[in-house]
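Text of entry_20.pdb (PDB, C-alpha atoms, pLDDT in the B column) as supplied:
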ATOM      1  CA  MET A 290      -9.800  -7.071   6.145  1.00 79.00           C
ATOM      2  CA  LYS A 291      -9.997 -10.664   4.923  1.00 87.00           C
ATOM      3  CA  MET A 292     -11.261 -11.561   1.479  1.00 92.00           C
ATOM      4  CA  GLN A 293     -14.557 -13.401   1.507  1.00 95.00           C
ATOM      5  CA  ARG A 294     -15.166 -16.954   0.348  1.00 97.00           C
ATOM      6  CA  GLU A 295     -18.488 -18.780   0.089  1.00 98.00           C
ATOM      7  CA  TYR A 296     -18.812 -22.380   1.213  1.00 98.00           C
ATOM      8  CA  ASN A 297     -21.241 -25.176   1.705  1.00 98.00           C
ATOM      9  CA  ILE A 298     -20.940 -28.596   3.280  1.00 98.00           C
ATOM     10  CA  TYR A 299     -21.303 -32.040   1.765  1.00 98.00           C
ATOM     11  CA  LYS A 300     -21.776 -34.905   4.213  1.00 97.00           C
ATOM     12  CA  SER A 301     -20.271 -38.131   2.939  1.00 95.00           C
ATOM     13  CA  LYS A 302     -20.858 -41.514   4.553  1.00 94.00           C
ATOM     14  CA  GLU A 303     -17.345 -42.511   3.510  1.00 91.00           C
ATOM     15  CA  LEU A 304     -15.382 -39.414   4.566  1.00 94.00           C
ATOM     16  CA  GLY A 305     -17.617 -37.297   6.769  1.00 95.00           C
ATOM     17  CA  ILE A 306     -17.825 -33.548   6.281  1.00 96.00           C
ATOM     18  CA  ILE A 307     -16.397 -32.087   3.065  1.00 97.00           C
ATOM     19  CA  TYR A 308     -16.183 -28.310   2.748  1.00 98.00           C
ATOM     20  CA  VAL A 309     -16.691 -26.956  -0.778  1.00 98.00           C
ATOM     21  CA  ILE A 310     -15.424 -23.399  -1.198  1.00 98.00           C
ATOM     22  CA  SER A 311     -16.061 -20.875  -3.965  1.00 98.00           C
ATOM     23  CA  ASP A 312     -14.849 -17.380  -4.803  1.00 97.00           C
ATOM     24  CA  GLY A 313     -18.249 -16.686  -6.378  1.00 95.00           C
ATOM     25  CA  GLU A 314     -17.054 -17.604  -9.880  1.00 97.00           C
ATOM     26  CA  ALA A 315     -15.423 -21.012  -9.479  1.00 98.00           C
ATOM     27  CA  ILE A 316     -14.713 -23.747  -6.975  1.00 98.00           C
ATOM     28  CA  VAL A 317     -11.377 -22.896  -5.366  1.00 97.00           C
ATOM     29  CA  ASN A 318     -11.070 -25.507  -2.639  1.00 97.00           C
ATOM     30  CA  VAL A 319     -12.502 -28.839  -1.547  1.00 97.00           C
ATOM     31  CA  GLU A 320     -11.374 -29.419   1.996  1.00 96.00           C
ATOM     32  CA  LEU A 321     -11.520 -32.906   3.485  1.00 93.00           C
ATOM     33  CA  PHE A 322      -9.702 -32.227   6.740  1.00 90.00           C
ATOM     34  CA  GLU A 323     -10.558 -30.066   9.746  1.00 89.00           C
ATOM     35  CA  ASP A 324      -7.052 -28.597   9.968  1.00 88.00           C
ATOM     36  CA  GLY A 325      -7.311 -27.425   6.352  1.00 89.00           C
ATOM     37  CA  TRP A 326     -10.723 -25.926   7.068  1.00 94.00           C
ATOM     38  CA  GLU A 327      -9.286 -24.038  10.042  1.00 93.00           C
ATOM     39  CA  LYS A 328      -6.520 -22.612   7.809  1.00 92.00           C
ATOM     40  CA  MET A 329      -9.158 -21.444   5.327  1.00 92.00           C
ATOM     41  CA  ASN A 330     -10.967 -19.674   8.172  1.00 92.00           C
ATOM     42  CA  ASP A 331      -7.723 -17.980   9.177  1.00 93.00           C
ATOM     43  CA  GLN A 332      -7.158 -16.737   5.612  1.00 93.00           C
ATOM     44  CA  TYR A 333     -10.676 -15.795   4.538  1.00 94.00           C
ATOM     45  CA  GLU A 334     -13.981 -14.627   5.893  1.00 95.00           C
ATOM     46  CA  MET A 335     -16.027 -17.763   5.269  1.00 96.00           C
ATOM     47  CA  VAL A 336     -19.740 -17.261   4.515  1.00 97.00           C
ATOM     48  CA  LYS A 337     -22.116 -20.216   4.254  1.00 97.00           C
ATOM     49  CA  SER A 338     -23.960 -19.999   0.958  1.00 97.00           C
ATOM     50  CA  ASP A 339     -26.558 -21.774  -1.141  1.00 96.00           C
ATOM     51  CA  ALA A 340     -25.246 -20.196  -4.353  1.00 97.00           C
ATOM     52  CA  LEU A 341     -26.064 -22.171  -7.500  1.00 98.00           C
ATOM     53  CA  LEU A 342     -22.396 -23.019  -8.107  1.00 98.00           C
ATOM     54  CA  LEU A 343     -22.039 -24.553  -4.649  1.00 98.00           C
ATOM     55  CA  GLN A 344     -25.342 -26.392  -5.006  1.00 98.00           C
ATOM     56  CA  GLU A 345     -24.119 -27.846  -8.310  1.00 98.00           C
ATOM     57  CA  ALA A 346     -20.831 -28.890  -6.703  1.00 98.00           C
ATOM     58  CA  LEU A 347     -22.710 -30.657  -3.877  1.00 98.00           C
ATOM     59  CA  LYS A 348     -24.964 -32.372  -6.431  1.00 98.00           C
ATOM     60  CA  GLN A 349     -21.958 -33.587  -8.407  1.00 98.00           C
ATOM     61  CA  LEU A 350     -20.240 -34.836  -5.235  1.00 98.00           C
ATOM     62  CA  ASP A 351     -23.425 -36.713  -4.372  1.00 97.00           C
ATOM     63  CA  GLU A 352     -23.438 -38.267  -7.846  1.00 97.00           C
ATOM     64  CA  TYR A 353     -19.747 -39.169  -7.467  1.00 97.00           C
ATOM     65  CA  PHE A 354     -20.259 -40.857  -4.100  1.00 96.00           C
ATOM     66  CA  GLY A 355     -23.301 -42.639  -5.533  1.00 95.00           C
ATOM     67  CA  GLY A 356     -21.278 -44.028  -8.445  1.00 94.00           C
ATOM     68  CA  LYS A 357     -23.154 -41.983 -11.057  1.00 95.00           C
ATOM     69  CA  ARG A 358     -20.492 -39.353 -11.834  1.00 95.00           C
ATOM     70  CA  LYS A 359     -17.079 -40.214 -13.216  1.00 95.00           C
ATOM     71  CA  VAL A 360     -15.949 -36.697 -14.274  1.00 95.00           C
ATOM     72  CA  PHE A 361     -16.732 -33.379 -12.611  1.00 97.00           C
ATOM     73  CA  LYS A 362     -17.996 -30.514 -14.758  1.00 98.00           C
ATOM     74  CA  LEU A 363     -17.479 -27.407 -12.650  1.00 98.00           C
ATOM     75  CA  PRO A 364     -15.612 -24.140 -13.124  1.00 98.00           C
ATOM     76  CA  LEU A 365     -12.380 -24.484 -11.145  1.00 97.00           C
ATOM     77  CA  LYS A 366      -9.651 -22.040 -10.164  1.00 97.00           C
ATOM     78  CA  TRP A 367      -6.247 -23.438  -9.420  1.00 92.00           C
ATOM     79  CA  LYS A 368      -3.564 -21.383  -7.800  1.00 90.00           C
ATOM     80  CA  GLY A 369      -0.159 -22.823  -8.341  1.00 95.00           C
ATOM     81  CA  THR A 370       2.934 -22.723 -10.470  1.00 96.00           C
ATOM     82  CA  THR A 371       2.865 -23.647 -14.137  1.00 96.00           C
ATOM     83  CA  PHE A 372       4.405 -27.000 -13.194  1.00 97.00           C
ATOM     84  CA  GLN A 373       1.735 -27.674 -10.542  1.00 97.00           C
ATOM     85  CA  GLU A 374      -1.029 -26.790 -12.965  1.00 97.00           C
ATOM     86  CA  LYS A 375       0.373 -29.254 -15.520  1.00 97.00           C
ATOM     87  CA  VAL A 376       0.331 -31.947 -12.839  1.00 97.00           C
ATOM     88  CA  TRP A 377      -3.231 -31.117 -11.817  1.00 97.00           C
ATOM     89  CA  GLN A 378      -4.392 -31.224 -15.421  1.00 97.00           C
ATOM     90  CA  ALA A 379      -2.719 -34.630 -15.795  1.00 97.00           C
ATOM     91  CA  LEU A 380      -4.568 -35.828 -12.679  1.00 97.00           C
ATOM     92  CA  CYS A 381      -7.856 -34.921 -14.357  1.00 96.00           C
ATOM     93  CA  ASP A 382      -6.897 -37.224 -17.232  1.00 96.00           C
ATOM     94  CA  ILE A 383      -6.614 -40.316 -14.988  1.00 96.00           C
ATOM     95  CA  PRO A 384      -9.812 -42.275 -15.669  1.00 95.00           C
ATOM     96  CA  TYR A 385     -12.272 -43.001 -12.866  1.00 95.00           C
ATOM     97  CA  GLY A 386     -11.519 -46.284 -11.139  1.00 93.00           C
ATOM     98  CA  THR A 387      -7.901 -46.426 -12.321  1.00 94.00           C
ATOM     99  CA  THR A 388      -4.583 -45.243 -10.944  1.00 94.00           C
ATOM    100  CA  ALA A 389      -1.292 -43.851 -12.208  1.00 95.00           C
ATOM    101  CA  CYS A 390       2.026 -43.673 -10.415  1.00 93.00           C
ATOM    102  CA  TYR A 391       3.960 -40.487  -9.751  1.00 94.00           C
ATOM    103  CA  SER A 392       6.587 -41.367 -12.365  1.00 94.00           C
ATOM    104  CA  GLU A 393       3.884 -41.823 -15.025  1.00 96.00           C
ATOM    105  CA  ILE A 394       2.555 -38.338 -14.286  1.00 96.00           C
ATOM    106  CA  ALA A 395       6.103 -36.929 -14.465  1.00 97.00           C
ATOM    107  CA  GLU A 396       6.583 -38.589 -17.859  1.00 97.00           C
ATOM    108  CA  LYS A 397       3.216 -37.387 -19.127  1.00 97.00           C
ATOM    109  CA  ILE A 398       3.947 -33.735 -18.377  1.00 97.00           C
ATOM    110  CA  GLY A 399       7.420 -33.925 -19.924  1.00 97.00           C
ATOM    111  CA  HIS A 400       9.475 -33.919 -16.709  1.00 97.00           C
ATOM    112  CA  PRO A 401      10.432 -37.579 -16.255  1.00 96.00           C
ATOM    113  CA  LYS A 402      12.888 -36.906 -13.416  1.00 96.00           C
ATOM    114  CA  ALA A 403      10.509 -34.682 -11.431  1.00 96.00           C
ATOM    115  CA  ILE A 404       8.816 -37.513  -9.529  1.00 93.00           C
ATOM    116  CA  ARG A 405       9.149 -35.854  -6.108  1.00 92.00           C
ATOM    117  CA  ALA A 406       7.958 -32.539  -7.522  1.00 95.00           C
ATOM    118  CA  VAL A 407       4.886 -34.338  -8.889  1.00 95.00           C
ATOM    119  CA  GLY A 408       4.291 -35.656  -5.369  1.00 91.00           C
ATOM    120  CA  GLN A 409       4.562 -32.143  -3.939  1.00 93.00           C
ATOM    121  CA  ALA A 410       2.180 -30.776  -6.571  1.00 95.00           C
ATOM    122  CA  ASN A 411      -0.223 -33.600  -5.774  1.00 91.00           C
ATOM    123  CA  ARG A 412      -0.041 -32.663  -2.097  1.00 90.00           C
ATOM    124  CA  ALA A 413      -0.674 -28.971  -2.947  1.00 93.00           C
ATOM    125  CA  ASN A 414      -3.883 -29.793  -4.842  1.00 94.00           C
ATOM    126  CA  GLU A 415      -6.660 -27.813  -3.157  1.00 95.00           C
ATOM    127  CA  LEU A 416      -9.435 -29.417  -5.196  1.00 97.00           C
ATOM    128  CA  ALA A 417      -9.439 -32.919  -3.709  1.00 94.00           C
ATOM    129  CA  ILE A 418     -11.756 -35.483  -5.306  1.00 96.00           C
ATOM    130  CA  ILE A 419     -12.668 -33.105  -8.171  1.00 97.00           C
ATOM    131  CA  VAL A 420      -9.008 -33.047  -9.261  1.00 97.00           C
ATOM    132  CA  PRO A 421      -8.398 -36.708  -8.395  1.00 96.00           C
ATOM    133  CA  CYS A 422      -5.045 -36.722  -6.621  1.00 92.00           C
ATOM    134  CA  HIS A 423      -6.224 -39.848  -4.806  1.00 93.00           C
ATOM    135  CA  ARG A 424      -5.686 -41.801  -8.045  1.00 94.00           C
ATOM    136  CA  VAL A 425      -1.908 -41.355  -7.876  1.00 92.00           C
ATOM    137  CA  ILE A 426      -0.049 -44.188  -6.166  1.00 88.00           C
ATOM    138  CA  GLY A 427       3.516 -45.350  -5.697  1.00 80.00           C
ATOM    139  CA  LYS A 428       5.327 -47.248  -8.433  1.00 80.00           C
ATOM    140  CA  ASN A 429       5.199 -50.321  -6.194  1.00 73.00           C
ATOM    141  CA  ARG A 430       1.361 -49.886  -6.080  1.00 70.00           C
ATOM    142  CA  SER A 431       1.462 -48.589  -2.484  1.00 63.00           C
ATOM    143  CA  LEU A 432      -0.927 -45.868  -1.333  1.00 62.00           C
ATOM    144  CA  THR A 433       1.740 -43.316  -0.571  1.00 64.00           C
ATOM    145  CA  GLY A 434       1.684 -39.609  -0.030  1.00 58.00           C
ATOM    146  CA  TYR A 435      -1.963 -38.638   0.323  1.00 50.00           C
ATOM    147  CA  ALA A 436      -2.160 -35.407   2.328  1.00 49.00           C
ATOM    148  CA  GLY A 437       0.837 -36.547   4.310  1.00 52.00           C
ATOM    149  CA  ASN A 438      -0.051 -39.720   6.150  1.00 64.00           C
ATOM    150  CA  ARG A 439      -3.796 -39.784   5.439  1.00 73.00           C
ATOM    151  CA  THR A 440      -3.681 -42.693   3.029  1.00 78.00           C
ATOM    152  CA  ASP A 441      -6.861 -44.069   4.602  1.00 83.00           C
ATOM    153  CA  VAL A 442      -8.798 -41.391   2.684  1.00 87.00           C
ATOM    154  CA  LYS A 443      -7.081 -42.347  -0.575  1.00 84.00           C
ATOM    155  CA  GLU A 444      -7.928 -45.984   0.102  1.00 89.00           C
ATOM    156  CA  LYS A 445     -11.609 -45.181   0.713  1.00 91.00           C
ATOM    157  CA  LEU A 446     -11.907 -43.140  -2.489  1.00 94.00           C
ATOM    158  CA  LEU A 447     -10.165 -45.772  -4.616  1.00 92.00           C
ATOM    159  CA  TRP A 448     -12.320 -48.508  -3.056  1.00 92.00           C
ATOM    160  CA  LEU A 449     -15.457 -46.454  -3.767  1.00 93.00           C
ATOM    161  CA  GLU A 450     -14.535 -46.017  -7.431  1.00 93.00           C
ATOM    162  CA  GLN A 451     -13.542 -49.669  -7.847  1.00 89.00           C
ATOM    163  CA  ARG A 452     -16.807 -50.778  -6.282  1.00 86.00           C
ATOM    164  CA  TYR A 453     -18.791 -48.916  -8.931  1.00 82.00           C
ATOM    165  CA  ILE A 454     -16.509 -50.080 -11.766  1.00 78.00           C
ATOM    166  CA  ASP A 455     -17.009 -53.696 -10.671  1.00 69.00           C
ATOM    167  CA  ALA A 456     -20.789 -53.300 -10.274  1.00 58.00           C
TER
END

How would this structure read if it were set down as structure tokens?
Amino acid sequence: MKMQREYNIYKSKELGIIYVISDGEAIVNVELFEDGWEKMNDQYEMVKSDALLLQEALKQLDEYFGGKRKVFKLPLKWKGTTFQEKVWQALCDIPYGTTACYSEIAEKIGHPKAIRAVGQANRANELAIIVPCHRVIGKNRSLTGYAGNRTDVKEKLLWLEQRYIDA
């Protein structure tokens, strides 16, 4: 029998449907892509819910997309290695509307040679937008490595944040 997860849907003008998933205590996944959503359905029994935690997550996403929220304040559960969790925490420290390169993140967490591993941890982030992996770019300022080849999403999120910084 599959474990159960609760979810709700946020509809973004910029990105379309965003699935926000909870284990009942914390947000455990923010899924931007249909293939990721299908994997979640394979792993868990997904139940649509209007739980307060999910409603708060949708409200904060709405504030983010409206330029009113710069930092998310939600209980989160990460599932990764100690290294990955250090990377994800470092991502949360990148200010809204700014970027950092993979090597800067590697330096920050005390593993200056682990640039590729930082990229892999970034890719493994299951809390997109809330844990802002979209703010990590290549050293040459290129929009590399967002969910494989989906750099268009990274570009939209960075453009959105810059638009509100410039306003």

Practice item. On this file, the PyMOL selection byres ((chain A and resi 353-365) around 9) gives some set of residues; write that set as a PyMOL selection string. Key: chain A and resi 301-303+311+314-318+342+345-346+348-352+366-367+381+384-386+416+419-420+446+449-450+452-454

Review point. When you draw a straight line from CA of Ala389 (chain A) to CA of Val425 (chain A), how long is it in Å?
Key: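 So the answer is 5.0 Å.
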
Output as AutoDock Vina command-line options the centre and edge lengths (Å, one decimal) of the box along x, y and z of the file that holds every listed atom of region 419-423 of chain A after adding 3 Å on each side.
--center_x -8.9 --center_y -36.4 --center_z -7.0 --size_x 13.6 --size_y 12.8 --size_z 10.5

**Study point:** For CA of Trp326 (chain A) and CA of Thr388 (chain A), the interatomic separation in Å (one decimal)
**Key:**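 Computing it gives 27.1 Å between the two atoms.
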
Exercise for review: List every protein, DNA or RNA residue with an atom no more than 10 Å from (-12.0, -11.5, 0.8) in the file's coordinates, counting only C-alpha atoms, and format the result as a list of chain:residue names.
Suggested key: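 Counting only C-alpha atoms, I find these residues within 10 Å of (-12.0, -11.5, 0.8): A:Met290, A:Lys291, A:Met292, A:Gln293, A:Arg294, A:Glu295, A:Asp312, A:Gln332, A:Tyr333, A:Glu334, A:Met335.
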
Check your understanding: When you draw a straight line from CA of Gly325 (chain A) to CA of Gly313 (chain A), how long is it in Å?
Key ->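 Value for the CA of Gly325 (chain A)-CA of Gly313 (chain A) distance: 19.9 Å.
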
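Of the listed residues (A:Val442, A:Ala406, A:Leu380, A:Leu347), A:Leu380 comes nearest to Cys422 (chain A); the distances count all atoms listed in the file.
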
Within 7 Å of (-4.5, -25.8, -5.9) in the file's own coordinates, which protein, DNA or RNA residues have an atom, counting all atoms listed in the file? List them as a compact mmCIF listing (two decimals) with C-alpha atoms, keeping the file's coordinate frame.
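Saved file part_0.txt follows:
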# COMPACT_ATOMS: atom_id res chain seq x y z
CA TRP A 367 -6.25 -23.44 -9.42
CA LYS A 368 -3.56 -21.38 -7.80
CA GLY A 369 -0.16 -22.82 -8.34
CA ALA A 413 -0.67 -28.97 -2.95
CA ASN A 414 -3.88 -29.79 -4.84
CA GLU A 415 -6.66 -27.81 -3.16
CA LEU A 416 -9.44 -29.42 -5.20

Exercise for review: Point out the residue among A:Ala403, A:Ala395, A:Cys390, A:Ile418 with the least atom-to-atom distance to Arg430 (chain A), counting only C-alpha atoms.
Suggested key: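 Looking only at the distances to Arg430 (chain A), the closest residue turns out to be A:Cys390.
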